[in-house]
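Below: query-v2.txt (compact mmCIF, C-alpha atoms and all ligand atoms)
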```txt
# COMPACT_ATOMS: atom_id res chain seq x y z
CA MET V 30 0.00 0.00 0.00
CA THR V 31 1.18 3.53 -0.68
CA ALA V 32 -0.24 6.01 1.76
CA GLN V 33 -2.39 8.94 0.85
CA VAL V 34 -0.50 12.09 1.81
CA ILE V 35 -2.45 14.33 4.19
CA ASP V 36 -1.56 17.80 2.93
CA GLY V 37 -1.37 19.94 6.06
CA LYS V 38 -0.23 22.97 4.11
CA ALA V 39 -3.32 22.97 1.90
CA PHE V 40 -5.66 22.16 4.82
CA ALA V 41 -4.12 24.96 6.90
CA ALA V 42 -4.77 27.39 4.03
CA GLU V 43 -8.41 26.24 4.02
CA VAL V 44 -8.68 26.79 7.80
CA ARG V 45 -7.13 30.27 7.47
CA GLY V 46 -9.59 31.03 4.68
CA LYS V 47 -12.54 30.09 6.94
CA VAL V 48 -11.08 32.18 9.77
CA ALA V 49 -10.65 35.16 7.43
CA GLU V 50 -14.29 34.88 6.29
CA HIS V 51 -15.51 34.88 9.91
CA VAL V 52 -13.24 37.78 10.80
CA ALA V 53 -14.64 39.82 7.89
CA ARG V 54 -18.18 39.03 9.08
CA LEU V 55 -17.36 40.07 12.66
CA LYS V 56 -16.08 43.39 11.40
CA GLU V 57 -19.03 44.01 9.12
CA LYS V 58 -21.80 42.96 11.53
CA HIS V 59 -20.33 43.79 14.94
CA ASP V 60 -17.48 46.21 14.22
CA LEU V 61 -15.16 43.74 15.99
CA VAL V 62 -11.53 43.02 15.08
CA PRO V 63 -10.00 40.07 16.97
CA GLY V 64 -6.64 40.95 18.51
CA LEU V 65 -3.77 38.55 19.20
CA ALA V 66 -0.86 39.57 21.41
CA VAL V 67 2.35 37.56 21.24
CA VAL V 68 4.95 38.02 23.96
CA LEU V 69 8.54 37.03 23.22
CA VAL V 70 11.17 37.17 25.95
CA GLY V 71 14.78 36.98 24.77
CA GLU V 72 16.30 36.28 21.39
CA ASP V 73 15.93 32.56 20.75
CA PRO V 74 16.27 32.40 16.92
CA ALA V 75 13.64 29.67 16.41
CA SER V 76 11.15 31.57 18.60
CA GLN V 77 11.81 34.76 16.61
CA VAL V 78 10.96 32.94 13.38
CA TYR V 79 7.73 31.51 14.86
CA VAL V 80 6.67 34.90 16.24
CA ARG V 81 7.28 36.63 12.89
CA SER V 82 5.29 33.98 11.09
CA LYS V 83 2.43 34.18 13.61
CA GLY V 84 2.29 37.98 13.29
CA LYS V 85 2.22 37.84 9.49
CA GLN V 86 -0.53 35.22 9.32
CA THR V 87 -2.58 37.05 11.97
CA THR V 88 -2.74 40.22 9.89
CA GLU V 89 -3.34 38.22 6.70
CA VAL V 90 -6.64 36.89 8.10
CA GLY V 91 -7.69 40.44 9.07
CA MET V 92 -6.92 40.30 12.79
CA LYS V 93 -4.94 42.80 14.84
CA SER V 94 -1.46 41.54 15.69
CA VAL V 95 0.50 42.97 18.61
CA GLU V 96 4.04 41.87 19.39
CA HIS V 97 5.80 42.53 22.68
CA LYS V 98 9.51 41.80 22.49
CA LEU V 99 11.16 41.86 25.90
CA ASP V 100 14.84 41.62 26.86
CA ALA V 101 16.15 38.21 27.95
CA ASP V 102 16.76 39.56 31.47
CA THR V 103 13.20 40.90 31.92
CA SER V 104 12.05 40.34 35.51
CA GLU V 105 9.13 38.07 36.34
CA ALA V 106 7.32 41.04 37.90
CA ASP V 107 7.60 43.06 34.65
CA LEU V 108 6.39 40.13 32.54
CA LEU V 109 3.43 39.50 34.87
CA ALA V 110 2.59 43.22 34.76
CA LEU V 111 2.49 43.11 30.95
CA ILE V 112 0.23 40.03 31.00
CA ASP V 113 -2.06 41.77 33.49
CA GLN V 114 -2.26 44.77 31.15
CA LEU V 115 -3.13 42.49 28.20
CA ASN V 116 -5.69 40.58 30.30
CA ASN V 117 -7.46 43.90 30.90
CA ASP V 118 -7.21 45.19 27.33
CA ASP V 119 -10.57 44.69 25.56
CA SER V 120 -8.95 44.97 22.14
CA ILE V 121 -6.87 41.83 22.87
CA ASN V 122 -8.73 38.50 22.63
CA GLY V 123 -5.78 36.14 22.58
CA ILE V 124 -2.49 36.15 24.48
CA LEU V 125 0.39 33.86 23.63
CA VAL V 126 3.64 33.79 25.58
CA GLN V 127 6.24 32.17 23.33
CA LEU V 128 7.94 29.20 25.04
CA PRO V 129 10.54 28.33 26.13
CA LEU V 130 11.08 31.24 28.53
CA PRO V 131 14.53 32.13 29.89
CA LYS V 132 15.44 29.95 32.88
CA HIS V 133 14.92 32.62 35.57
CA LEU V 134 11.20 32.88 34.73
CA ASP V 135 8.66 30.42 36.17
CA GLU V 136 6.84 29.14 33.08
CA ASP V 137 3.88 27.67 35.00
CA LEU V 138 3.37 30.88 36.98
CA VAL V 139 3.53 32.99 33.81
CA ILE V 140 1.14 30.80 31.79
CA ASN V 141 -1.32 30.57 34.69
CA SER V 142 -1.40 34.36 34.97
CA ILE V 143 -3.01 34.64 31.50
CA ASP V 144 -6.79 35.09 31.56
CA PRO V 145 -7.98 31.52 30.65
CA ALA V 146 -10.51 33.03 28.21
CA LYS V 147 -7.59 34.62 26.31
CA ASP V 148 -5.25 31.62 26.64
CA VAL V 149 -5.18 30.75 22.94
CA ASP V 150 -2.37 28.21 23.48
CA GLY V 151 -4.65 26.28 25.84
CA PHE V 152 -1.87 25.73 28.40
CA HIS V 153 -3.53 27.43 31.41
CA ILE V 154 -4.34 24.95 34.17
CA SER V 155 -8.07 25.85 33.91
CA ASN V 156 -8.14 24.99 30.22
CA VAL V 157 -6.25 21.75 30.86
CA GLY V 158 -8.88 20.82 33.46
CA LEU V 159 -11.79 21.79 31.23
CA LEU V 160 -10.41 19.72 28.34
CA GLY V 161 -9.79 16.77 30.68
CA THR V 162 -13.38 16.86 31.88
CA GLY V 163 -14.86 17.25 28.40
CA GLN V 164 -15.96 20.85 28.91
CA LYS V 165 -15.63 23.81 26.57
CA SER V 166 -12.01 25.03 26.72
CA MET V 167 -9.25 26.60 24.70
CA VAL V 168 -7.51 23.63 23.04
CA PRO V 169 -3.72 23.50 22.45
CA CYS V 170 -3.05 24.36 18.80
CA THR V 171 -0.85 21.46 17.65
CA PRO V 172 -3.12 18.64 18.90
CA LEU V 173 -6.17 20.58 17.65
CA GLY V 174 -4.57 20.69 14.20
CA CYS V 175 -3.92 16.93 14.33
CA LEU V 176 -7.53 16.28 15.37
CA MET V 177 -8.88 18.43 12.53
CA MET V 178 -6.81 16.52 9.97
CA LEU V 179 -7.93 13.16 11.39
CA ARG V 180 -11.60 14.20 11.34
CA GLU V 181 -11.25 15.53 7.81
CA HIS V 182 -9.68 12.26 6.66
CA HIS V 183 -11.85 9.75 8.56
CA GLY V 184 -15.07 11.54 9.41
CA SER V 185 -15.80 9.68 12.66
CA LEU V 186 -12.91 8.39 14.80
CA SER V 187 -15.24 6.46 17.09
CA GLY V 188 -13.90 3.07 18.23
CA MET V 189 -10.51 3.42 16.56
CA ASN V 190 -7.35 2.34 18.39
CA ALA V 191 -5.12 5.40 18.76
CA VAL V 192 -1.55 5.37 20.05
CA VAL V 193 0.05 8.69 20.99
CA ILE V 194 3.82 8.46 21.39
CA GLY V 195 4.88 11.22 23.79
CA ARG V 196 3.27 12.54 26.97
CA SER V 197 4.22 16.22 26.99
CA ASN V 198 1.76 18.78 28.34
CA ILE V 199 1.73 20.67 25.04
CA VAL V 200 1.23 17.79 22.59
CA GLY V 201 0.97 14.21 23.88
CA LYS V 202 -1.43 14.60 26.81
CA PRO V 203 -3.92 17.01 25.16
CA MET V 204 -3.79 14.91 21.97
CA ALA V 205 -4.80 11.84 23.98
CA GLN V 206 -7.66 13.79 25.62
CA LEU V 207 -8.95 14.95 22.24
CA LEU V 208 -8.86 11.44 20.78
CA LEU V 209 -10.65 10.13 23.87
CA GLY V 210 -13.22 12.90 23.37
CA ASP V 211 -13.80 11.53 19.86
CA SER V 212 -14.31 8.03 21.34
CA CYS V 213 -11.01 6.45 20.32
CA THR V 214 -9.46 3.78 22.52
CA VAL V 215 -6.30 5.63 23.48
CA THR V 216 -2.87 4.46 24.57
CA ILE V 217 -0.21 6.98 25.58
CA ALA V 218 3.33 5.69 25.08
CA HIS V 219 6.52 7.30 26.42
CA SER V 220 10.19 6.60 27.07
CA ARG V 221 9.40 3.89 29.65
CA THR V 222 6.85 2.03 27.49
CA LYS V 223 7.72 -1.64 27.11
CA ASP V 224 7.75 -3.10 23.60
CA LEU V 225 6.73 0.11 21.86
CA ALA V 226 6.79 -1.64 18.48
CA GLU V 227 3.99 -4.02 19.53
CA VAL V 228 1.97 -1.18 21.07
CA VAL V 229 2.20 0.84 17.85
CA ARG V 230 1.34 -2.20 15.67
CA ARG V 231 -2.13 -2.28 17.27
CA ALA V 232 -2.90 1.30 16.28
CA ASP V 233 -5.37 2.45 13.65
CA ILE V 234 -4.07 5.97 14.36
CA VAL V 235 -0.47 6.73 15.34
CA VAL V 236 0.45 10.22 16.55
CA ALA V 237 4.21 10.56 16.98
CA ALA V 238 5.30 13.47 19.21
CA VAL V 239 8.68 12.43 20.50
CA GLY V 240 11.39 14.72 19.15
CA ARG V 241 13.60 11.88 17.86
CA PRO V 242 14.38 11.94 14.15
CA GLU V 243 12.77 9.10 12.16
CA MET V 244 12.37 6.94 15.28
CA VAL V 245 9.28 5.03 14.12
CA PRO V 246 10.09 2.52 11.33
CA GLY V 247 7.58 1.28 8.78
CA ASP V 248 7.38 -2.23 10.25
CA TRP V 249 5.78 -0.81 13.42
CA ILE V 250 2.84 0.46 11.36
CA LYS V 251 -0.31 -1.62 10.91
CA GLU V 252 -1.26 -1.95 7.25
CA GLY V 253 -3.63 0.94 6.40
CA ALA V 254 -3.14 2.91 9.65
CA THR V 255 -3.13 6.70 9.70
CA VAL V 256 0.16 8.26 10.78
CA ILE V 257 0.31 11.81 12.12
CA ASP V 258 3.89 12.99 12.52
CA VAL V 259 4.24 15.91 14.92
CA GLY V 260 8.04 15.79 15.14
CA ILE V 261 10.20 18.55 13.75
CA ASN V 262 13.86 17.56 13.79
CA ARG V 263 16.72 19.17 11.89
CA ILE V 264 19.32 16.63 10.78
CA GLU V 265 22.50 16.88 8.78
CA LYS V 266 22.56 15.25 5.35
CA ASP V 267 25.57 13.52 3.73
CA ASP V 268 26.43 16.71 1.82
CA GLY V 269 26.69 18.65 5.11
CA LYS V 270 23.46 20.59 4.49
CA THR V 271 20.54 20.19 6.90
CA LYS V 272 16.93 19.13 6.40
CA LEU V 273 13.79 18.75 8.50
CA VAL V 274 12.48 15.29 9.28
CA GLY V 275 9.72 14.03 11.53
CA ASP V 276 9.60 11.40 14.26
CA VAL V 277 8.64 8.66 11.79
CA ASP V 278 10.68 7.23 8.97
CA TYR V 279 8.52 8.67 6.21
CA ALA V 280 9.54 6.40 3.31
CA SER V 281 9.01 3.07 5.09
CA CYS V 282 5.90 4.23 7.01
CA ALA V 283 4.30 5.54 3.80
CA GLU V 284 4.61 2.04 2.29
CA ARG V 285 2.36 0.54 4.97
CA ALA V 286 0.15 3.41 6.17
CA GLY V 287 -3.22 4.27 4.64
CA ALA V 288 -2.52 7.97 5.15
CA ILE V 289 0.41 9.98 6.48
CA THR V 290 1.38 13.58 7.16
CA PRO V 291 4.70 14.75 5.67
CA VAL V 292 7.37 16.81 7.43
CA PRO V 293 7.51 19.63 6.54
CA GLY V 294 4.01 20.42 5.26
CA GLY V 295 1.91 18.32 7.65
CA VAL V 296 1.20 19.20 11.26
CA GLY V 297 3.44 22.31 11.32
CA PRO V 298 1.28 24.63 9.17
CA MET V 299 -1.86 23.51 11.03
CA THR V 300 -0.47 24.77 14.34
CA ILE V 301 -0.54 28.47 13.41
CA ALA V 302 -3.85 28.04 11.56
CA CYS V 303 -5.32 26.66 14.82
CA LEU V 304 -3.85 29.54 16.80
CA LEU V 305 -5.83 31.90 14.54
CA ALA V 306 -8.92 29.69 14.88
CA ASN V 307 -8.55 29.80 18.68
CA THR V 308 -8.24 33.60 18.64
CA LEU V 309 -11.44 33.81 16.62
CA THR V 310 -13.20 31.38 18.99
CA ALA V 311 -12.02 33.41 22.01
CA THR V 312 -13.34 36.61 20.40
CA CYS V 313 -16.76 35.08 19.73
CA ARG V 314 -17.01 33.70 23.29
CA ALA V 315 -15.92 37.02 24.85
CA ASN V 316 -18.68 38.82 22.93
CA GLY V 317 -21.44 36.25 23.42
CA LEU V 318 -21.52 35.43 19.71
CA GLU V 319 -22.00 32.05 18.06
CA GLU V 320 -18.73 30.18 17.63
CA PRO V 321 -17.53 29.27 14.15
CA LYS V 322 -18.27 25.63 13.32
CA GLY V 323 -15.48 23.15 12.57
CA LEU V 324 -12.74 25.33 14.04
CA THR V 325 -12.80 24.03 17.61
CA ALA V 326 -12.76 20.60 19.24
P1 LIG Y 1 8.89 16.67 24.72
O1 LIG Y 1 10.37 16.52 24.70
O2 LIG Y 1 8.27 17.57 25.72
O3 LIG Y 1 8.23 15.22 24.90
C1 LIG Y 1 8.72 14.12 24.21
C2 LIG Y 1 7.99 12.90 24.64
O4 LIG Y 1 8.53 11.79 23.91
C3 LIG Y 1 8.15 12.56 26.13
O5 LIG Y 1 6.91 12.23 26.69
C4 LIG Y 1 9.10 11.36 26.14
O6 LIG Y 1 8.84 10.42 27.16
C5 LIG Y 1 8.80 10.72 24.80
N1 LIG Y 1 9.94 9.93 24.34
C6 LIG Y 1 11.23 10.29 24.28
N2 LIG Y 1 11.98 9.29 23.82
C7 LIG Y 1 11.15 8.26 23.60
C8 LIG Y 1 11.33 6.93 23.14
N3 LIG Y 1 12.52 6.46 22.81
N4 LIG Y 1 10.25 6.15 23.04
C9 LIG Y 1 9.03 6.60 23.37
N5 LIG Y 1 8.78 7.86 23.81
C10 LIG Y 1 9.84 8.67 23.93
O7 LIG Y 1 8.49 17.07 23.24
P2 LIG Y 1 7.18 17.85 22.66
O8 LIG Y 1 5.97 17.07 22.97
O9 LIG Y 1 7.25 19.27 23.03
O10 LIG Y 1 7.50 17.76 21.10
C11 LIG Y 1 7.62 16.51 20.42
C12 LIG Y 1 8.04 16.77 18.99
O11 LIG Y 1 7.03 17.53 18.35
C13 LIG Y 1 9.33 17.58 18.82
O12 LIG Y 1 9.99 17.12 17.65
C14 LIG Y 1 8.84 18.99 18.59
O13 LIG Y 1 9.75 19.77 17.84
C15 LIG Y 1 7.59 18.72 17.81
N6 LIG Y 1 6.58 19.78 17.91
C16 LIG Y 1 6.00 20.20 16.76
C17 LIG Y 1 5.03 21.16 16.76
C18 LIG Y 1 4.40 21.55 15.47
O14 LIG Y 1 3.85 22.62 15.36
N7 LIG Y 1 4.41 20.68 14.46
C19 LIG Y 1 4.61 21.81 18.00
C20 LIG Y 1 5.20 21.24 19.18
C21 LIG Y 1 6.17 20.26 19.12
P3 LIG Y 1 9.08 10.75 28.72
O15 LIG Y 1 7.93 11.62 29.13
O16 LIG Y 1 9.06 9.41 29.35
O17 LIG Y 1 10.39 11.46 28.81
```

Spell out the structure here as structure tokens.
Ligand code: NDP
Amino acid sequence: MTAQVIDGKAFAAEVRGKVAEHVARLKEKHDLVPGLAVVLVGEDPASQVYVRSKGKQTTEVGMKSVEHKLDADTSEADLLALIDQLNNDDSINGILVQLPLPKHLDEDLVINSIDPAKDVDGFHISNVGLLGTGQKSMVPCTPLGCLMMLREHHGSLSGMNAVVIGRSNIVGKPMAQLLLGDSCTVTIAHSRTKDLAEVVRRADIVVAAVGRPEMVPGDWIKEGATVIDVGINRIEKDDGKTKLVGDVDYASCAERAGAITPVPGGVGPMTIACLLANTLTATCRANGLEEPKGLTA
């Protein structure tokens, strides 16, 4: 079998298109412009690229984008004061603090100081609890993007065996909650899992979120399974240049899978699209308006 490629780039463009339509309608009918504030502390090069890209895509869908770039030695008190100001700013509907933060800042404290209704990353402890109990929440962007692609491909996920490799708070755990919410039978694997190959071989859906280049070989994949590759790993090629690869060995997995996301061009583009979708959802909720369909969990 040769897998169908799930084109995350094209799907993300579709999601952004839907968001842009809703944003235009909000402006026309309610004179509302959703606002997204991104806070970057320090000069981590990868974070700078992400923040630029987020800002650009935010304005492209017609939203207001605000960037706060703070020095690497910014004090916790100053960062918390900025978040408090954004929490109380009615023109800001979404707040994202780019992670990782410099070591002297308490990430949990900072994230939990964001108004949960504006927590478009879905990392606030209240949103984690709401998601875990099946209530309306802000859903972390990367797992939301994976869920949207799975729903688009399969329709219903009910009764499918799903294996999530990785148990991080930002990808693995919320991904498992979302799959459970869609009535999958979910296994979460991690570095202590025994006989990972056998666990993965039972899966109708494999979500790999490990951070180890090409760790999952094709012979772990059940014939016809759907493989969602969250990993983004930069490796050096024979010619000394670098390239991005995922957590699964794409060539061998694509031979056995029914469908697979490529890296790049799979989960990555969906993450920012879902950030924009979350900002729109937060805006609608804050103003008592109907939420856009198909853009939340
Ligand atoms: P973390 O490092 O926080 O978590 C990695 C998880 O993988 C841990 O739970 C760890 O287990 C598990 N793990 C490590 N080694 C093994 C192993 N040999 N076998 C089984 N499980 C293992 O990573 P993230 O969740 O933050 O990110 C995962 C990947 O996804 C990275 O490549 C990252 O770059 C990418 N990513 C991509 C995004 C996108 O937009 N596409 C967004 C976010 C992340 P344990 O808990 O036991 O240590």

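Atom CA of V:Asp150 is positioned 6.1 Å from atom CA of V:Cys170.
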
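Distances to ligand LIG 1 (chain Y) were evaluated for V:Gly287, V:Gly158, V:Gly84, V:Gly37 using all atoms listed in the file, and the minimum falls at V:Gly37.
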
Extending 6 Å beyond the listed atoms of ligand LIG 1 (chain Y) on each side, what axis-aligned box results? I want centre and edge lengths in Å to one decimal, as JSON.
```
{"center_x": 8.2, "center_y": 14.4, "center_z": 21.9, "size_x": 20.7, "size_y": 28.5, "size_z": 26.9}
```

Practice item. Could you check which of V:Ile217, V:Val95, V:Val259, V:Leu273 is closest to V:Thr290, using all atoms listed in the file? Key: V:Val259

Practice item. Excluding V:Lys147 and residues on its chain fewer than 5 positions from it, collect all residues at most 8 Å away from it, counting all atoms listed in the file, and give them as a PyMOL selection string. Key: chain V and resi 116+122-124+308+311

Please report, as a Markdown table, each residue of stretch 192-232 of chain V lying at most 9 Å from stretch 239-258 of chain V, together with the nearest pair of atoms and the separation in Å rounded to one decimal; use all atoms listed in the file, and order rows by chain and ascending residue number.
```
| residue | atom | partner | partner_atom | distance |
| --- | --- | --- | --- | --- |
| V:Ile194 | CA | V:Val239 | CA | 6.3 |
| V:Gly195 | CA | V:Val239 | CA | 5.2 |
| V:Arg196 | CA | V:Val239 | CA | 8.4 |
| V:Ser197 | CA | V:Val239 | CA | 8.7 |
| V:Gly201 | CA | V:Val239 | CA | 8.6 |
| V:His219 | CA | V:Val239 | CA | 8.1 |
| V:Ser220 | CA | V:Val239 | CA | 8.9 |
| V:Leu225 | CA | V:Trp249 | CA | 8.5 |
| V:Ala226 | CA | V:Trp249 | CA | 5.2 |
| V:Glu227 | CA | V:Trp249 | CA | 7.1 |
| V:Val228 | CA | V:Trp249 | CA | 8.6 |
| V:Val229 | CA | V:Trp249 | CA | 5.9 |
| V:Arg230 | CA | V:Lys251 | CA | 5.1 |
| V:Arg231 | CA | V:Lys251 | CA | 6.6 |
| V:Ala232 | CA | V:Lys251 | CA | 6.6 |
```

Exercise for review: Do a neighbour search on V:Pro131 at 9 Å with only C-alpha atoms, toss out local chain neighbours closer than 4 positions, and write the hits as a PyMOL selection string.
Suggested key: chain V and resi 70-71+101-102+135-136

Exercise for review: In Å, rounded to a single decimal, give me how far atom CA of V:Val235 is from atom CA of V:Ala302.
Suggested key: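 Separating atom CA of V:Ala302 from atom CA of V:Val235 is a distance of 21.9 Å.
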